[in-house]
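Structure record follows, encoded as structure tokens.
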Amino acid sequence: MLDHRDIKHPDLGEVRVFLVRRAVALDPKGCVAAVTGNGHALKTIDVDIYENELRFATPESDTTKNTFVIYNPGRYDGVLVLVPNKEGFEDIGWSSPEDHYRSAKLAYYSARLVGPGGDGRYTIVKSGNSCVPSCAEGSTTNVTLHWNGHEYLPAA
């Protein structure tokens, strides 16, 4: 186990969230697992990580009640957003292991957290590279994403 935190889930009460490194030969895998106060295990999230590159944000939650986990599969950091729902947490949107290098509904690769700001919320800064004429020479762009109550989107 890499770390754990107790968070206040709006529907389930106290939930303990674990960050675990699974030793799978030379290909380490990470796992985000959670258990309710009465011992009910919630759906896990598997993620490719480089060595032990799986950690909670500081602080781990903001005023949205979302919990944030930073992961790195080997090149750039990513942000997983654990959005509470009645069953545990919303599906982050990954359907295959290759997705860990792509962004999804609540998983953002090549991204970093900023904040929490004066409103008590984190924003997510997502980076992109045009890779034109090559990725080494391409232009880098940053987009700041804000929570709208359902997902993180650029400001309107």
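To be explicit about the labels: the chains of the structure tokens are called A, B, and onward in the order shown, and within each one the residues are counted from 1, while ligands get numbers from 1 in the order they are shown.
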
Worksheet entry | Spatial neighbours of Arg22 in chain A, 9 Å, only C-alpha atoms, chain gap at least 6 places, as a list of chain:residue names |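 Neighbouring residues, sequence-local ones excluded: A:Met1, A:Pro28, A:Lys29, A:Gly30, A:Cys31.
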
Keeping only all heavy atoms, write the selected residues as a CSV table (one decimal), in the first residue's frame.
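Everything below was put into selection_31.csv:
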```csv
chain,number,residue,atom,x,y,z
A,1,MET,N,0.8,-1.2,0.0
A,1,MET,CA,0.0,0.0,0.0
A,1,MET,C,0.9,1.2,0.0
A,1,MET,O,1.9,1.3,0.7
A,1,MET,CB,-0.9,0.0,1.2
A,1,MET,CG,-1.8,1.2,1.2
A,1,MET,SD,-3.0,1.3,2.6
A,1,MET,CE,-1.9,1.5,4.0
A,28,PRO,N,4.7,-2.4,-13.1
A,28,PRO,CA,3.9,-2.1,-11.9
A,28,PRO,C,2.5,-1.5,-12.3
A,28,PRO,O,2.4,-0.8,-13.3
A,28,PRO,CB,4.7,-1.1,-11.1
A,28,PRO,CG,5.6,-0.5,-12.1
A,28,PRO,CD,5.8,-1.5,-13.2
A,29,LYS,N,1.5,-1.9,-11.5
A,29,LYS,CA,0.2,-1.4,-11.7
A,29,LYS,C,-0.2,-0.7,-10.4
A,29,LYS,O,0.2,-1.1,-9.3
A,29,LYS,CB,-0.8,-2.5,-12.0
A,29,LYS,CG,-0.5,-3.4,-13.2
A,29,LYS,CD,-0.8,-2.6,-14.5
A,29,LYS,CE,-0.6,-3.5,-15.7
A,29,LYS,NZ,-0.5,-2.8,-16.9
A,30,GLY,N,-1.0,0.3,-10.6
A,30,GLY,CA,-1.6,0.9,-9.4
A,30,GLY,C,-3.1,0.6,-9.3
A,30,GLY,O,-3.7,0.2,-10.3
A,31,CYS,N,-3.6,0.8,-8.1
A,31,CYS,CA,-5.0,0.6,-7.9
A,31,CYS,C,-5.5,1.6,-6.9
A,31,CYS,O,-4.9,1.9,-5.9
A,31,CYS,CB,-5.2,-0.8,-7.4
A,31,CYS,SG,-6.9,-1.2,-7.0
```

Worksheet item: Near Leu106 in chain A, counting only C-alpha atoms, which residues have an atom at most 12 Å away, once you skip same-chain residues fewer than 2 positions from it, shown as a VMD selection string?
Response: chain A and resid 45 66 to 69 78 to 84 89 to 94 99 to 100 102 to 104 108 to 109 111 124 145 147 150 to 153

Taking 6 positions as the minimum chain separation for residues in the same chain, which residues sit within 9 Å of Ala33 in chain A when counting only C-alpha atoms? Answer as a short mmCIF file (atom, residue, chain, number, x, y, z; two decimals) with all heavy atoms, in the first residue's frame.
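Produced file around_17.cif, reproduced below:
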```
data_model
loop_
_atom_site.label_atom_id
_atom_site.label_comp_id
_atom_site.auth_asym_id
_atom_site.auth_seq_id
_atom_site.Cartn_x
_atom_site.Cartn_y
_atom_site.Cartn_z
N ARG A 16 -12.77 5.04 3.35
CA ARG A 16 -11.30 5.00 3.32
C ARG A 16 -10.88 4.66 1.91
O ARG A 16 -11.28 3.64 1.35
CB ARG A 16 -10.76 3.98 4.31
CG ARG A 16 -9.22 3.94 4.30
CD ARG A 16 -8.65 3.26 5.49
NE ARG A 16 -8.78 4.18 6.63
CZ ARG A 16 -8.38 3.89 7.85
NH1 ARG A 16 -7.85 2.71 8.12
NH2 ARG A 16 -8.52 4.77 8.82
N VAL A 17 -10.06 5.54 1.31
CA VAL A 17 -9.56 5.35 -0.04
C VAL A 17 -8.09 4.94 0.05
O VAL A 17 -7.30 5.61 0.72
CB VAL A 17 -9.72 6.63 -0.90
CG1 VAL A 17 -9.17 6.41 -2.30
CG2 VAL A 17 -11.18 7.08 -0.94
N PHE A 18 -7.76 3.83 -0.61
CA PHE A 18 -6.40 3.29 -0.60
C PHE A 18 -5.76 3.49 -1.96
O PHE A 18 -6.41 3.30 -2.99
CB PHE A 18 -6.42 1.78 -0.32
CG PHE A 18 -6.96 1.41 1.03
CD1 PHE A 18 -8.31 1.15 1.20
CD2 PHE A 18 -6.10 1.30 2.11
CE1 PHE A 18 -8.81 0.79 2.44
CE2 PHE A 18 -6.59 0.94 3.35
CZ PHE A 18 -7.95 0.68 3.53
N LEU A 19 -4.47 3.79 -1.96
CA LEU A 19 -3.65 3.77 -3.17
C LEU A 19 -2.69 2.61 -3.01
O LEU A 19 -1.92 2.56 -2.05
CB LEU A 19 -2.89 5.08 -3.35
CG LEU A 19 -3.75 6.35 -3.39
CD1 LEU A 19 -2.86 7.57 -3.59
CD2 LEU A 19 -4.81 6.26 -4.46
N VAL A 20 -2.73 1.68 -3.96
CA VAL A 20 -1.99 0.43 -3.83
C VAL A 20 -1.12 0.24 -5.06
O VAL A 20 -1.54 0.52 -6.19
CB VAL A 20 -2.98 -0.76 -3.71
CG1 VAL A 20 -2.24 -2.08 -3.60
CG2 VAL A 20 -3.92 -0.55 -2.53
N ALA A 41 -16.76 -2.95 0.04
CA ALA A 41 -15.74 -2.56 -0.95
C ALA A 41 -16.41 -1.91 -2.15
O ALA A 41 -17.40 -2.43 -2.67
CB ALA A 41 -14.93 -3.76 -1.38
N LEU A 42 -15.88 -0.78 -2.59
CA LEU A 42 -16.38 -0.08 -3.77
C LEU A 42 -15.58 -0.52 -4.99
O LEU A 42 -14.52 -1.15 -4.87
CB LEU A 42 -16.27 1.43 -3.57
CG LEU A 42 -16.97 1.98 -2.33
CD1 LEU A 42 -16.77 3.49 -2.23
CD2 LEU A 42 -18.44 1.63 -2.34
N LYS A 43 -16.06 -0.19 -6.18
CA LYS A 43 -15.39 -0.56 -7.43
C LYS A 43 -13.99 0.06 -7.46
O LYS A 43 -13.80 1.23 -7.14
CB LYS A 43 -16.21 -0.07 -8.61
CG LYS A 43 -15.64 -0.48 -9.94
CD LYS A 43 -16.50 -0.03 -11.09
CE LYS A 43 -15.86 -0.42 -12.40
NZ LYS A 43 -16.56 0.13 -13.53
N THR A 44 -13.01 -0.75 -7.86
CA THR A 44 -11.62 -0.29 -7.92
C THR A 44 -11.31 0.36 -9.27
O THR A 44 -12.02 0.13 -10.26
CB THR A 44 -10.63 -1.45 -7.68
OG1 THR A 44 -10.81 -2.42 -8.70
CG2 THR A 44 -10.82 -2.06 -6.31
N ILE A 45 -10.25 1.13 -9.29
CA ILE A 45 -9.74 1.74 -10.53
C ILE A 45 -8.30 1.27 -10.68
O ILE A 45 -7.46 1.55 -9.83
CB ILE A 45 -9.78 3.28 -10.46
CG1 ILE A 45 -11.20 3.77 -10.24
CG2 ILE A 45 -9.18 3.87 -11.74
CD1 ILE A 45 -11.28 5.25 -9.89
N ASP A 46 -8.02 0.55 -11.75
CA ASP A 46 -6.65 0.12 -12.05
C ASP A 46 -6.00 1.16 -12.95
O ASP A 46 -6.65 1.72 -13.85
CB ASP A 46 -6.65 -1.24 -12.74
CG ASP A 46 -7.10 -2.35 -11.80
OD1 ASP A 46 -6.73 -2.31 -10.62
OD2 ASP A 46 -7.81 -3.25 -12.27
#
```

Discussion item. I'd like the neighbourhood of Asp119 in chain A as a ChimeraX atom specification, where a residue qualifies if any of its atoms comes within 12 Å (using only C-alpha atoms), though same-chain residues fewer than 3 positions away should be ignored.
Written reply: /A:62-64,115-116,122-123,146-147

Worksheet item: Residues of chain A in strand (DSSP E) according to DSSP, as an NGL selection string?
Response: :A and (3-9 or 13-22 or 29-36 or 45-48 or 54-61 or 67-71 or 78-82 or 84-85 or 88-89 or 107-109 or 111-114 or 123-129 or 140-147 or 152-154)

Worksheet item: Quick one: distance from CA of Ser130 in chain A to CA of Val114 in chain A in Å, one decimal?
Response: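 CA of Ser130 in chain A sits 23.1 Å away from CA of Val114 in chain A.
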
Worksheet item: Near Pro73 in chain A, within 6 Å and counting only C-alpha atoms, which residues show up once chain neighbours fewer than 5 positions away are dropped, as a PyMOL selection string?
Response: chain A and resi 48-50

Fill in: Two-atom distance - CA of Asn85 in chain A, CA of Pro10 in chain A (Å)
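Distance between the two atoms: 8.1 Å.
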
Please list as a short mmCIF file (atom, residue, chain, number, x, y, z; two decimals) with N, CA, C and O atoms, in the first residue's frame every residue within 10 Å of Lys86 in chain A, counting only C-alpha atoms and excluding residues in the same chain fewer than 5 positions away.
```cif
data_model
loop_
_atom_site.label_atom_id
_atom_site.label_comp_id
_atom_site.auth_asym_id
_atom_site.auth_seq_id
_atom_site.Cartn_x
_atom_site.Cartn_y
_atom_site.Cartn_z
N HIS A 9 -17.77 11.00 2.43
CA HIS A 9 -18.56 10.79 1.22
C HIS A 9 -19.97 11.30 1.51
O HIS A 9 -20.56 10.94 2.52
N PRO A 10 -20.56 12.14 0.64
CA PRO A 10 -21.87 12.72 0.94
C PRO A 10 -23.01 11.71 1.06
O PRO A 10 -24.00 11.97 1.76
N ASP A 11 -22.90 10.54 0.42
CA ASP A 11 -23.95 9.53 0.49
C ASP A 11 -23.61 8.34 1.37
O ASP A 11 -24.49 7.73 1.95
N LEU A 12 -22.33 7.99 1.46
CA LEU A 12 -21.92 6.77 2.15
C LEU A 12 -21.24 7.01 3.49
O LEU A 12 -20.86 6.05 4.17
#
```

Item to complete: Would you please work out which residue, of A:Val35, A:Val15, A:Ile70, A:Cys131, is nearest to Ser110 in chain A when using only C-alpha atoms?
Response: A:Ile70

Response to the item:
From the list A:Gly117, A:Gly13, A:Asp3, A:Ser127, the nearest residue to Ser139 in chain A using only C-alpha atoms is A:Ser127

Practice prompt. Choose the residue, out of A:Gly118, A:Gly88, A:Gly37, A:Gly74, that has the smallest atom-to-atom separation from Glu14 in chain A; count only C-alpha atoms.
Written response: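 Closest to Glu14 in chain A of all the choices is A:Gly37.
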
Worksheet, complete the sentence: Among A:Lys65, A:Ala23, A:Asp77, A:Gly120, Lys8 in chain A is approached most closely, using only C-alpha atoms, by A:Lys65

Item to complete: Mind listing the helix (DSSP H, G or I) residues of range 72-107 of chain A, per DSSP on the backbone, as a VMD selection string?
Response: chain A and resid 97 to 101

Same residues, N, CA and C atoms, saved as a PDB file, in the first residue's frame:
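So result37.pdb came out as:
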```pdb
ATOM      1  N   PRO A  97      -6.536  -0.642 -20.804  1.00  0.00           N
ATOM      2  CA  PRO A  97      -5.290  -0.164 -20.192  1.00  0.00           C
ATOM      3  C   PRO A  97      -4.607   0.943 -20.990  1.00  0.00           C
ATOM      4  N   GLU A  98      -4.763   0.967 -22.307  1.00  0.00           N
ATOM      5  CA  GLU A  98      -4.136   2.016 -23.114  1.00  0.00           C
ATOM      6  C   GLU A  98      -4.720   3.398 -22.807  1.00  0.00           C
ATOM      7  N   ASP A  99      -5.906   3.409 -22.211  1.00  0.00           N
ATOM      8  CA  ASP A  99      -6.555   4.676 -21.889  1.00  0.00           C
ATOM      9  C   ASP A  99      -5.786   5.483 -20.852  1.00  0.00           C
ATOM     10  N   HIS A 100      -4.905   4.857 -20.092  1.00  0.00           N
ATOM     11  CA  HIS A 100      -4.173   5.555 -19.049  1.00  0.00           C
ATOM     12  C   HIS A 100      -3.291   6.653 -19.626  1.00  0.00           C
ATOM     13  N   TYR A 101      -3.029   6.590 -20.929  1.00  0.00           N
ATOM     14  CA  TYR A 101      -2.252   7.615 -21.607  1.00  0.00           C
ATOM     15  C   TYR A 101      -3.151   8.601 -22.358  1.00  0.00           C
TER      16      TYR A 101
END
```

Worksheet, complete the sentence: In terms of only C-alpha atoms, the residue from A:His4, A:Lys126, A:Lys105, A:Arg75 at minimal distance from Ala57 in chain A is A:His4

Worksheet entry | Point-to-point distance in Å for CA of Glu87 in chain A and CA of Asn72 in chain A |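 Here the two named atoms are 26.9 Å from each other.
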